[in-house]
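Source file: model23.tsv (TSV, C-alpha atoms)
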chain	number	residue	atom	x	y	z
Z	23	MET	CA	-4.33	59.78	-53.69
Z	24	ASP	CA	-4.60	61.88	-56.77
Z	25	GLY	CA	-1.35	63.67	-56.02
Z	26	ASN	CA	2.07	62.15	-55.61
Z	27	LEU	CA	1.17	58.55	-56.12
Z	28	ALA	CA	-0.76	59.29	-59.27
Z	29	ARG	CA	2.09	61.35	-60.68
Z	30	GLN	CA	4.57	58.62	-59.92
Z	31	HIS	CA	2.45	56.02	-61.61
Z	32	PRO	CA	0.70	57.54	-64.63
Z	33	LEU	CA	-1.77	55.04	-65.92
Z	34	PRO	CA	-3.05	54.47	-69.40
Z	35	PRO	CA	-6.76	55.16	-69.56
Z	36	ALA	CA	-7.84	51.62	-70.30
Z	37	ALA	CA	-5.62	50.09	-67.60
Z	38	PRO	CA	-4.49	47.14	-69.70
Z	39	ARG	CA	-3.65	43.99	-67.81
Z	40	ARG	CA	-0.70	41.76	-68.38
Z	41	VAL	CA	-2.64	38.85	-69.65
Z	42	GLY	CA	-0.92	35.54	-69.38
Z	43	ARG	CA	1.50	36.58	-66.65
Z	44	ARG	CA	-0.39	34.68	-64.00
Z	45	VAL	CA	-1.97	31.61	-65.36
Z	46	GLY	CA	-3.03	30.41	-61.95
Z	47	VAL	CA	-5.43	33.21	-61.25
Z	48	LYS	CA	-6.66	33.68	-64.75
Z	49	LEU	CA	-9.94	31.93	-64.21
Z	50	ALA	CA	-10.62	33.93	-61.12
Z	51	ARG	CA	-10.64	37.25	-62.89
Z	52	MET	CA	-13.99	38.64	-63.71
Z	53	ASP	CA	-12.83	40.40	-66.82
Z	54	ALA	CA	-10.38	37.91	-68.24
Z	55	PRO	CA	-10.15	38.73	-71.92
Z	56	ARG	CA	-9.71	35.14	-73.00
Z	57	SER	CA	-12.47	32.64	-73.15
Z	58	ALA	CA	-13.06	30.35	-70.24
Z	59	ALA	CA	-12.45	27.32	-72.41
Z	60	THR	CA	-8.98	28.53	-73.39
Z	61	SER	CA	-8.10	29.30	-69.81
Z	62	THR	CA	-9.31	25.93	-68.67
Z	63	VAL	CA	-7.12	24.16	-71.18
Z	64	GLU	CA	-4.12	26.20	-70.12
Z	65	GLN	CA	-4.73	25.49	-66.45
Z	66	GLU	CA	-5.16	21.79	-66.98
Z	67	ASP	CA	-1.79	21.70	-68.68
Z	68	GLN	CA	-0.19	23.60	-65.85
Z	69	THR	CA	1.73	21.79	-63.16
Z	70	LEU	CA	1.57	22.71	-59.53
Z	71	GLU	CA	5.19	23.82	-59.65
Z	72	ASP	CA	4.37	26.26	-62.43
Z	73	PHE	CA	1.44	27.60	-60.48
Z	74	LEU	CA	3.50	28.13	-57.35
Z	75	ALA	CA	6.27	29.78	-59.34
Z	76	SER	CA	3.79	32.14	-60.96
Z	77	VAL	CA	2.21	33.22	-57.71
Z	78	ARG	CA	5.19	33.35	-55.35
Z	79	GLY	CA	6.03	37.06	-55.71
Z	80	ARG	CA	2.44	38.13	-55.20
Z	81	ALA	CA	2.08	35.78	-52.28
Z	82	PHE	CA	5.17	37.27	-50.68
Z	83	ARG	CA	3.84	40.81	-50.98
Z	84	PHE	CA	0.48	39.67	-49.59
Z	85	ALA	CA	2.13	38.02	-46.60
Z	86	GLU	CA	4.44	40.97	-46.12
Z	87	LEU	CA	1.48	43.31	-45.87
Z	88	GLY	CA	-0.16	41.20	-43.21
Z	89	LEU	CA	2.89	40.28	-41.17
Z	90	ARG	CA	5.17	43.34	-41.55
Z	91	ASN	CA	8.18	41.10	-41.33
Z	92	ARG	CA	10.28	39.60	-44.08
Z	93	ASP	CA	11.15	36.33	-42.38
Z	94	ASP	CA	7.61	35.73	-41.19
Z	95	ALA	CA	6.32	36.41	-44.70
Z	96	LEU	CA	8.81	33.95	-46.15
Z	97	ASP	CA	7.78	31.33	-43.62
Z	98	ALA	CA	4.09	31.85	-44.35
Z	99	VAL	CA	4.52	31.50	-48.11
Z	100	GLN	CA	6.78	28.49	-47.75
Z	101	ASP	CA	4.31	26.82	-45.43
Z	102	ALA	CA	1.43	27.54	-47.78
Z	103	MET	CA	3.36	26.15	-50.74
Z	104	THR	CA	4.29	23.06	-48.77
Z	105	ARG	CA	0.69	22.46	-47.83
Z	106	MET	CA	-0.33	22.94	-51.44
Z	107	LEU	CA	1.70	19.86	-52.31
Z	108	GLY	CA	-1.04	17.90	-50.58
Z	109	TYR	CA	-3.58	19.33	-52.99
Z	110	ALA	CA	-1.66	18.43	-56.14
Z	111	ASP	CA	-4.33	15.93	-57.12
Z	112	ARG	CA	-7.06	18.55	-57.01
Z	113	PRO	CA	-8.17	20.17	-60.28
Z	114	PRO	CA	-5.94	23.10	-61.25
Z	115	GLN	CA	-9.00	25.35	-61.32
Z	116	GLU	CA	-9.18	25.02	-57.53
Z	117	TRP	CA	-5.56	25.83	-56.84
Z	118	THR	CA	-6.01	29.59	-56.77
Z	119	ALA	CA	-8.70	29.60	-54.10
Z	120	LEU	CA	-6.95	26.86	-52.17
Z	121	PHE	CA	-3.60	28.60	-52.17
Z	122	TRP	CA	-4.89	31.97	-51.02
Z	123	THR	CA	-7.07	30.31	-48.40
Z	124	VAL	CA	-4.12	28.38	-47.01
Z	125	LEU	CA	-1.85	31.40	-47.13
Z	126	ARG	CA	-4.37	33.64	-45.40
Z	127	SER	CA	-4.91	31.04	-42.70
Z	128	ARG	CA	-1.18	30.70	-42.19
Z	129	ILE	CA	-0.74	34.45	-41.91
Z	130	ILE	CA	-3.44	34.64	-39.26
Z	131	ASP	CA	-1.79	31.82	-37.34
Z	132	ILE	CA	1.54	33.61	-37.34
Z	133	GLN	CA	-0.09	36.87	-36.30
Z	134	ARG	CA	-1.78	35.23	-33.34
Z	135	ARG	CA	1.34	33.37	-32.29
Z	136	ARG	CA	3.42	36.52	-32.52
Z	137	THR	CA	0.89	38.46	-30.50
Z	138	PHE	CA	1.34	36.08	-27.61
Z	139	ARG	CA	5.09	35.59	-27.88
Z	140	LEU	CA	6.93	38.53	-29.34
Z	141	GLY	CA	4.42	41.31	-29.74
Z	142	TRP	CA	5.64	43.08	-26.63
Z	143	MET	CA	9.31	42.72	-27.53
Z	144	THR	CA	9.38	44.31	-30.98
Z	145	SER	CA	7.82	47.59	-31.93
Z	146	SER	CA	5.75	47.86	-35.07
Z	147	ASP	CA	8.10	50.52	-36.44
Z	148	GLU	CA	11.03	48.11	-36.31
Z	149	ARG	CA	9.03	45.43	-38.04
Z	150	GLU	CA	7.94	47.83	-40.78
Z	151	ALA	CA	11.50	48.97	-41.33
Z	152	GLU	CA	12.54	45.39	-41.86
Z	153	SER	CA	9.71	44.56	-44.17
Z	154	LEU	CA	10.46	46.44	-47.38
Z	155	ASP	CA	12.38	44.20	-49.74
Z	156	TRP	CA	13.05	45.95	-52.99
Z	157	ALA	CA	15.36	45.08	-55.84
Z	158	ASP	CA	16.86	48.38	-56.99
Z	159	ALA	CA	18.73	46.95	-59.91
Z	160	GLY	CA	17.37	48.52	-63.07
Z	161	PRO	CA	18.10	50.98	-65.84
Z	162	ASP	CA	16.37	53.87	-64.08
Z	163	PRO	CA	17.30	54.22	-60.39
Z	164	SER	CA	15.09	57.26	-59.86
Z	165	ARG	CA	12.05	55.42	-61.14
Z	166	ALA	CA	12.88	52.48	-58.92
Z	167	HIS	CA	13.12	54.82	-55.96
Z	168	ASP	CA	9.75	56.37	-56.78
Z	169	GLY	CA	8.21	52.96	-57.06
Z	170	ARG	CA	9.65	51.96	-53.73
Z	171	GLU	CA	8.32	55.09	-52.06
Z	172	ALA	CA	4.89	54.58	-53.59
Z	173	TRP	CA	4.78	50.98	-52.41
Z	174	ALA	CA	5.90	52.03	-48.95
Z	175	ARG	CA	3.05	54.53	-48.78
Z	176	LEU	CA	0.48	52.15	-50.14
Z	177	SER	CA	1.55	49.34	-47.85
Z	178	ALA	CA	1.51	51.68	-44.86
Z	179	ALA	CA	-2.01	52.77	-45.76
Z	180	LEU	CA	-3.11	49.17	-46.21
Z	181	ARG	CA	-1.64	48.21	-42.85
Z	182	GLU	CA	-3.72	50.87	-41.18
Z	183	LEU	CA	-6.87	49.14	-42.35
Z	184	PRO	CA	-8.65	46.49	-40.30
Z	185	ARG	CA	-7.57	43.03	-41.31
Z	186	ARG	CA	-10.78	42.10	-43.12
Z	187	GLN	CA	-10.80	45.30	-45.12
Z	188	ARG	CA	-7.15	44.87	-46.05
Z	189	GLU	CA	-7.76	41.31	-47.15
Z	190	ALA	CA	-10.79	42.26	-49.21
Z	191	PHE	CA	-8.93	45.06	-50.98
Z	192	THR	CA	-5.79	43.03	-51.54
Z	193	LEU	CA	-7.50	39.92	-52.82
Z	194	ARG	CA	-10.19	41.64	-54.82
Z	195	VAL	CA	-8.25	44.58	-56.26
Z	196	LEU	CA	-4.55	43.72	-56.18
Z	197	GLU	CA	-4.85	39.98	-56.80
Z	198	GLU	CA	-7.88	40.54	-59.00
Z	199	LEU	CA	-9.86	37.61	-57.69
Z	200	ASP	CA	-13.56	37.72	-58.37
Z	201	VAL	CA	-16.04	38.34	-55.59
Z	202	ALA	CA	-17.01	34.69	-55.20
Z	203	THR	CA	-13.41	33.52	-54.91
Z	204	THR	CA	-12.56	36.35	-52.52
Z	205	ALA	CA	-15.52	35.40	-50.34
Z	206	LYS	CA	-14.40	31.77	-50.41
Z	207	VAL	CA	-10.86	32.67	-49.42
Z	208	MET	CA	-12.01	34.98	-46.63
Z	209	GLY	CA	-14.66	32.59	-45.41
Z	210	CYS	CA	-17.49	35.09	-45.59
Z	211	SER	CA	-20.38	36.02	-47.87
Z	212	GLU	CA	-20.05	37.95	-51.08
Z	213	GLY	CA	-22.01	40.78	-49.51
Z	214	SER	CA	-19.46	41.01	-46.73
Z	215	VAL	CA	-16.68	41.19	-49.29
Z	216	LYS	CA	-18.37	44.11	-51.00
Z	217	THR	CA	-18.92	45.87	-47.71
Z	218	HIS	CA	-15.30	45.42	-46.61
Z	219	LEU	CA	-14.08	46.53	-50.01
Z	220	SER	CA	-16.19	49.66	-50.00
Z	221	ARG	CA	-14.96	50.64	-46.55
Z	222	ALA	CA	-11.38	49.88	-47.53
Z	223	ARG	CA	-11.60	52.12	-50.57
Z	224	GLY	CA	-13.00	54.97	-48.51
Z	225	ALA	CA	-10.33	54.60	-45.83
Z	226	LEU	CA	-7.55	54.33	-48.40
Z	227	GLN	CA	-8.70	57.46	-50.13
Z	228	ARG	CA	-8.67	59.39	-46.87
Z	229	GLN	CA	-5.30	58.00	-45.79
Z	230	LEU	CA	-3.52	58.48	-49.06
Z	231	GLU	CA	-4.71	62.06	-49.33
Z	232	GLU	CA	-2.69	62.79	-46.21
Z	233	PHE	CA	0.50	61.94	-48.04
Z	234	GLN	CA	0.12	64.84	-50.43
R	29	MET	CA	-18.22	52.66	-55.41
R	30	ASN	CA	-21.14	53.92	-53.32
R	31	GLY	CA	-21.89	56.79	-55.63
R	32	GLU	CA	-18.26	57.44	-56.47
R	33	PRO	CA	-17.34	54.77	-58.99
R	34	ASP	CA	-14.70	56.91	-60.66
R	35	THR	CA	-12.84	57.50	-57.42
R	36	GLY	CA	-12.96	53.84	-56.50
R	37	ASP	CA	-11.83	52.76	-59.93
R	38	ARG	CA	-9.00	55.28	-59.92
R	39	ILE	CA	-7.79	54.04	-56.53
R	40	ASP	CA	-7.94	50.50	-57.81
R	41	ARG	CA	-5.90	51.27	-60.91
R	42	ILE	CA	-3.22	53.21	-59.07
R	43	ALA	CA	-2.97	50.55	-56.38
R	44	ARG	CA	-2.67	47.82	-59.01
R	45	ALA	CA	0.10	49.67	-60.81
R	46	ILE	CA	2.06	50.22	-57.62
R	47	HIS	CA	1.52	46.63	-56.55
R	48	ALA	CA	2.56	45.27	-59.94
R	49	GLU	CA	5.86	47.11	-59.73
R	50	ALA	CA	6.34	45.93	-56.16
R	51	VAL	CA	5.85	42.33	-57.27
R	52	GLU	CA	8.37	42.78	-60.06
R	53	ARG	CA	10.84	44.25	-57.58
R	54	VAL	CA	10.85	41.33	-55.21
R	55	PRO	CA	14.57	40.52	-54.80
R	56	ALA	CA	15.90	37.45	-56.50
R	57	ASP	CA	17.18	35.93	-53.27
R	58	VAL	CA	13.70	36.19	-51.78
R	59	LEU	CA	12.15	34.58	-54.84
R	60	ALA	CA	14.69	31.78	-54.65
R	61	ARG	CA	13.54	30.99	-51.12
R	62	LEU	CA	9.85	31.00	-52.05
R	63	ARG	CA	9.38	27.32	-52.73
R	64	PRO	CA	7.87	24.40	-50.86
R	65	ARG	CA	9.92	23.11	-48.00
R	66	THR	CA	11.73	19.87	-48.56
R	67	PRO	CA	9.84	16.97	-47.03
R	68	PRO	CA	11.29	15.63	-43.79
R	69	ALA	CA	13.44	12.55	-43.84
R	70	PRO	CA	11.60	9.24	-43.56
R	71	ALA	CA	10.96	8.11	-40.03
R	72	ARG	CA	12.84	4.81	-40.38
R	73	SER	CA	16.18	6.57	-40.38
R	74	TRP	CA	15.82	7.68	-36.79
R	75	ARG	CA	13.42	5.11	-35.38
R	76	PRO	CA	16.01	2.44	-34.50
R	77	ALA	CA	18.06	4.81	-32.39
R	78	PRO	CA	15.65	5.00	-29.40
R	79	VAL	CA	15.11	1.23	-29.53
R	80	LEU	CA	18.84	0.64	-29.35
R	81	GLY	CA	19.13	3.13	-26.50
R	82	TRP	CA	16.42	1.44	-24.45
R	83	SER	CA	17.99	-1.98	-25.06
R	84	LEU	CA	21.36	-0.73	-23.95
R	85	ALA	CA	19.88	0.86	-20.83
R	86	SER	CA	18.03	-2.34	-19.94
R	87	ALA	CA	21.17	-4.41	-20.38
R	88	CYS	CA	23.17	-2.08	-18.16
R	89	ALA	CA	20.49	-2.16	-15.46
R	90	ALA	CA	20.36	-5.97	-15.55
R	91	ALA	CA	24.14	-6.21	-15.26
R	92	LEU	CA	24.12	-3.87	-12.29
R	93	VAL	CA	21.41	-5.88	-10.54
R	94	TRP	CA	23.32	-9.12	-11.15
R	95	ALA	CA	26.53	-7.68	-9.76
R	96	VAL	CA	24.87	-6.34	-6.63
R	97	GLY	CA	22.93	-9.56	-6.07
R	98	THR	CA	26.03	-11.70	-6.48
R	99	GLN	CA	27.93	-9.69	-3.93
R	100	ALA	CA	25.04	-9.85	-1.45
R	101	LEU	CA	24.41	-13.60	-1.72
R	102	VAL	CA	28.01	-14.76	-1.84
R	103	ALA	CA	29.43	-12.64	0.92
R	104	PRO	CA	33.19	-13.00	1.04
R	105	GLU	CA	34.96	-13.74	4.34
R	106	GLY	CA	36.09	-10.49	5.61
R	107	PRO	CA	38.81	-9.82	8.14
R	108	PRO	CA	38.03	-10.60	11.81
R	109	ASP	CA	36.28	-7.99	13.81
R	110	GLN	CA	38.71	-5.52	15.10
R	111	PRO	CA	38.29	-4.04	18.55
R	112	ALA	CA	36.78	-0.65	18.58
R	113	PRO	CA	39.42	2.00	18.44
R	114	VAL	CA	40.00	3.82	21.60
R	115	LEU	CA	40.35	7.49	21.45
R	116	ALA	CA	43.50	8.69	22.98
R	117	ASP	CA	41.94	11.73	24.56
R	118	ALA	CA	38.86	10.04	25.89
R	119	PRO	CA	38.63	10.33	29.72
R	120	VAL	CA	39.36	7.11	31.48
R	121	GLU	CA	36.55	6.02	33.72
R	122	ALA	CA	37.34	5.61	37.38
R	123	GLU	CA	37.81	2.01	38.31
R	124	ALA	CA	34.73	0.55	39.96
R	125	PRO	CA	35.26	-0.51	43.66
R	126	ASP	CA	35.14	-4.10	44.62
R	127	PRO	CA	31.65	-4.78	46.06
R	128	TRP	CA	33.10	-7.27	48.62
R	129	GLU	CA	35.49	-4.77	50.02
R	130	ASP	CA	33.19	-1.70	50.21
R	131	PRO	CA	30.79	-1.94	53.23
R	132	LEU	CA	28.47	0.81	51.90
R	133	ILE	CA	27.85	-0.76	48.55
R	134	THR	CA	24.90	-2.73	49.97
R	135	PHE	CA	23.07	0.44	50.92
R	136	ASP	CA	23.60	1.92	47.52
R	137	GLU	CA	22.21	-1.08	45.74
R	138	ASP	CA	19.26	-2.17	47.94
R	139	PRO	CA	16.87	0.56	49.11
R	140	ASP	CA	14.57	-2.11	50.65
R	141	LEU	CA	17.07	-2.43	53.42
R	142	PHE	CA	16.20	1.05	54.60
R	143	VAL	CA	12.50	0.21	54.46
R	144	TRP	CA	13.10	-2.85	56.61
R	145	LEU	CA	15.19	-0.91	59.10
R	146	ALA	CA	12.50	1.75	59.46
R	147	ALA	CA	9.83	-0.91	60.08
R	148	ASP	CA	11.80	-2.52	62.94
R	149	ALA	CA	12.94	0.70	64.60
R	150	ARG	CA	9.47	1.70	65.89
R	151	PRO	CA	8.67	-1.49	67.91
R	152	LEU	CA	12.10	-1.44	69.45
R	153	ALA	CA	11.54	2.13	70.65
R	154	MET	CA	8.11	1.25	72.15
R	155	GLU	CA	9.60	-1.56	74.15
Full structure transcribed into structure tokens:
Amino acid sequence: MDGNLARQHPLPPAAPRRVGRRVGVKLARMDAPRSAATSTVEQEDQTLEDFLASVRGRAFRFAELGLRNRDDALDAVQDAMTRMLGYADRPPQEWTALFWTVLRSRIIDIQRRRTFRLGWMTSSDEREAESLDWADAGPDPSRAHDGREAWARLSAALRELPRRQREAFTLRVLEELDVATTAKVMGCSEGSVKTHLSRARGALQRQLEEFQ
Amino acid sequence: MNGEPDTGDRIDRIARAIHAEAVERVPADVLARLRPRTPPAPARSWRPAPVLGWSLASACAAALVWAVGTQALVAPEGPPDQPAPVLADAPVEAEAPDPWEDPLITFDEDPDLFVWLAADARPLAME
């Protein structure tokens, strides 16, 4: 982990976050730099369409990790967004937990359905090959290539994890939800989230070291 | 975590950076498709079709029953019965003999005659 991936993605020491990029999950972050009152006002002014637009890319990557298939990931996110329309009257502060709960449930449904129907027809290697959608357009093609390789390695390592560990790491670390929201989304206790997260970190460290 | 907070934090930061770039690199055509599905058309647009179909089927069935019933009750006068066709190759039966001209026909038709003859033969022989 400290080798290739770290060289490809040098990080500033304080790991600054892009505050304001995702309004929908702002309240869920433990270390949100703005006050809760400011965030609440911003969320109350936000429409559901804005929330869905702000979270769609992250939701797609989350679904892609779980389903290993582009079309299935698109279906899962679209279904989750469609179901969210039924929660438009709920307070915006609840949208984050609701959306990730619905999306996670939808992903599990598709996984189970695919296990019974098509799991024996398509190999996992084929599905993984189809799954990596990456826009290469940019000023620095070599950097884009490095980023794609790093994401391919990270996603492969995440896919090797048990589902609960992958969900805990993805929701808690990548989506930066707090422990309580992660537990709510996963339908388990906060202690279970911490346990899954600890095991996921250990497994990721071991797996990513093999890439060096 | 678990005695190695620096390692865990470092993994978290690297993973976040990689993930952030991956989110930014989601293709535009994929992003364009990531929206709620359009709601289905209202049910009234297709509800009348099955009703019309069932009505049409019922009308056709009733017309068929009326036609068949009319033909059965008011049977038209058909052509007179024609004799059964005779096959040309069928073997012609031998013409039956006239019972008044054949002296043996009585024995063929009445077995009681032989019983009566047998009953009278014994006393005649004893005498």
**Request:** Mind checking which residues fall within 8 Å of Leu59 (chain R), counting only C-alpha atoms, ignoring those fewer than 5 positions away in the same chain, and posting them as a ChimeraX atom specification?
**Result:** /Z:78-79 /R:54
Could you build a table of the residues in chain Z lying no more than 6 Å from chain R, giving for each the nearest pair of atoms and their separation in Å rounded to one decimal place, using all atoms listed in the file, ordered by chain and ascending residue number, as JSON lines?
{"residue": "Z:Gly79", "atom": "CA", "partner": "R:Val51", "partner_atom": "CA", "distance": 5.5}
{"residue": "Z:Arg80", "atom": "CA", "partner": "R:Val51", "partner_atom": "CA", "distance": 5.8}
{"residue": "Z:Gln100", "atom": "CA", "partner": "R:Pro64", "partner_atom": "CA", "distance": 5.3}
{"residue": "Z:Met103", "atom": "CA", "partner": "R:Pro64", "partner_atom": "CA", "distance": 4.8}
{"residue": "Z:Thr104", "atom": "CA", "partner": "R:Pro64", "partner_atom": "CA", "distance": 4.4}
{"residue": "Z:Trp156", "atom": "CA", "partner": "R:Arg53", "partner_atom": "CA", "distance": 5.4}
{"residue": "Z:Ala157", "atom": "CA", "partner": "R:Pro55", "partner_atom": "CA", "distance": 4.7}
{"residue": "Z:Trp173", "atom": "CA", "partner": "R:Ile46", "partner_atom": "CA", "distance": 5.9}
{"residue": "Z:Leu196", "atom": "CA", "partner": "R:Arg44", "partner_atom": "CA", "distance": 5.3}
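Residues with any atom within 10 Å of Arg83 (chain Z), counting all atoms listed in the file and excluding same-chain neighbours fewer than 6 positions away, are Leu89, Arg90, Arg92, Ala95, Leu96, Val99, Ser153, Leu154, Asp155, Ser177 and Thr192 of chain Z; His47, Ala50, Val51 and Val54 of chain R.
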**Asked** In Å, with one decimal, what is the gap from CA of Glu189 (chain Z) to CA of Asp97 (chain Z)?
**Response**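 These two atoms are separated by 18.8 Å.
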Report the centre and edge lengths, in Å to one decimal, of an axis-aligned box enclosing every atom of region 73-92 of chain Z listed in the file, padded by 5 Å on each side, as lines of an AutoDock Vina configuration file.
center_x = 5.1
center_y = 35.5
center_z = -51.1
size_x = 20.4
size_y = 25.7
size_z = 29.8
**Message:** I'd like the interatomic distance between CA of Asp94 (chain Z) and CA of Arg136 (chain Z), to a tenth of an Å.
**Reply:**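 Between these atoms lies a distance of 9.7 Å.
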**Interatomic distance, CA of Ala190 (chain Z) to CA of Ser76 (chain Z) (Å, one decimal)** =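 The value is 21.3 Å.
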**Message:** Between Z:Gln227, Z:Thr118, Z:Gln187, Z:Thr137, which residue has the minimum interatomic distance to Val207 (chain Z), considering all atoms listed in the file?
**Reply:**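 Residue with the minimum atom-to-atom distance to Val207 (chain Z): Z:Thr118.
Distances here use only C-alpha atoms; by that measure, the residue among Z:Met208, Z:Leu74, Z:Ile129, Z:Ala178 closest to Leu193 (chain Z) is Z:Met208.
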**Message:** Every residue with an atom at most 10 Å from (-5.6, 36.0, -44.4) (file coordinates; only C-alpha atoms) is what I'm after, so could you write them as a list in words?
**Reply:** Phe84, Ala85, Gly88, Trp122, Thr123, Val124, Leu125, Arg126, Ser127, Arg128, Ile129, Ile130, Asp131, Gln133, Arg185, Arg186, Arg188, Glu189, Ala190, Leu193, Val207, Met208 and Gly209 of chain Z
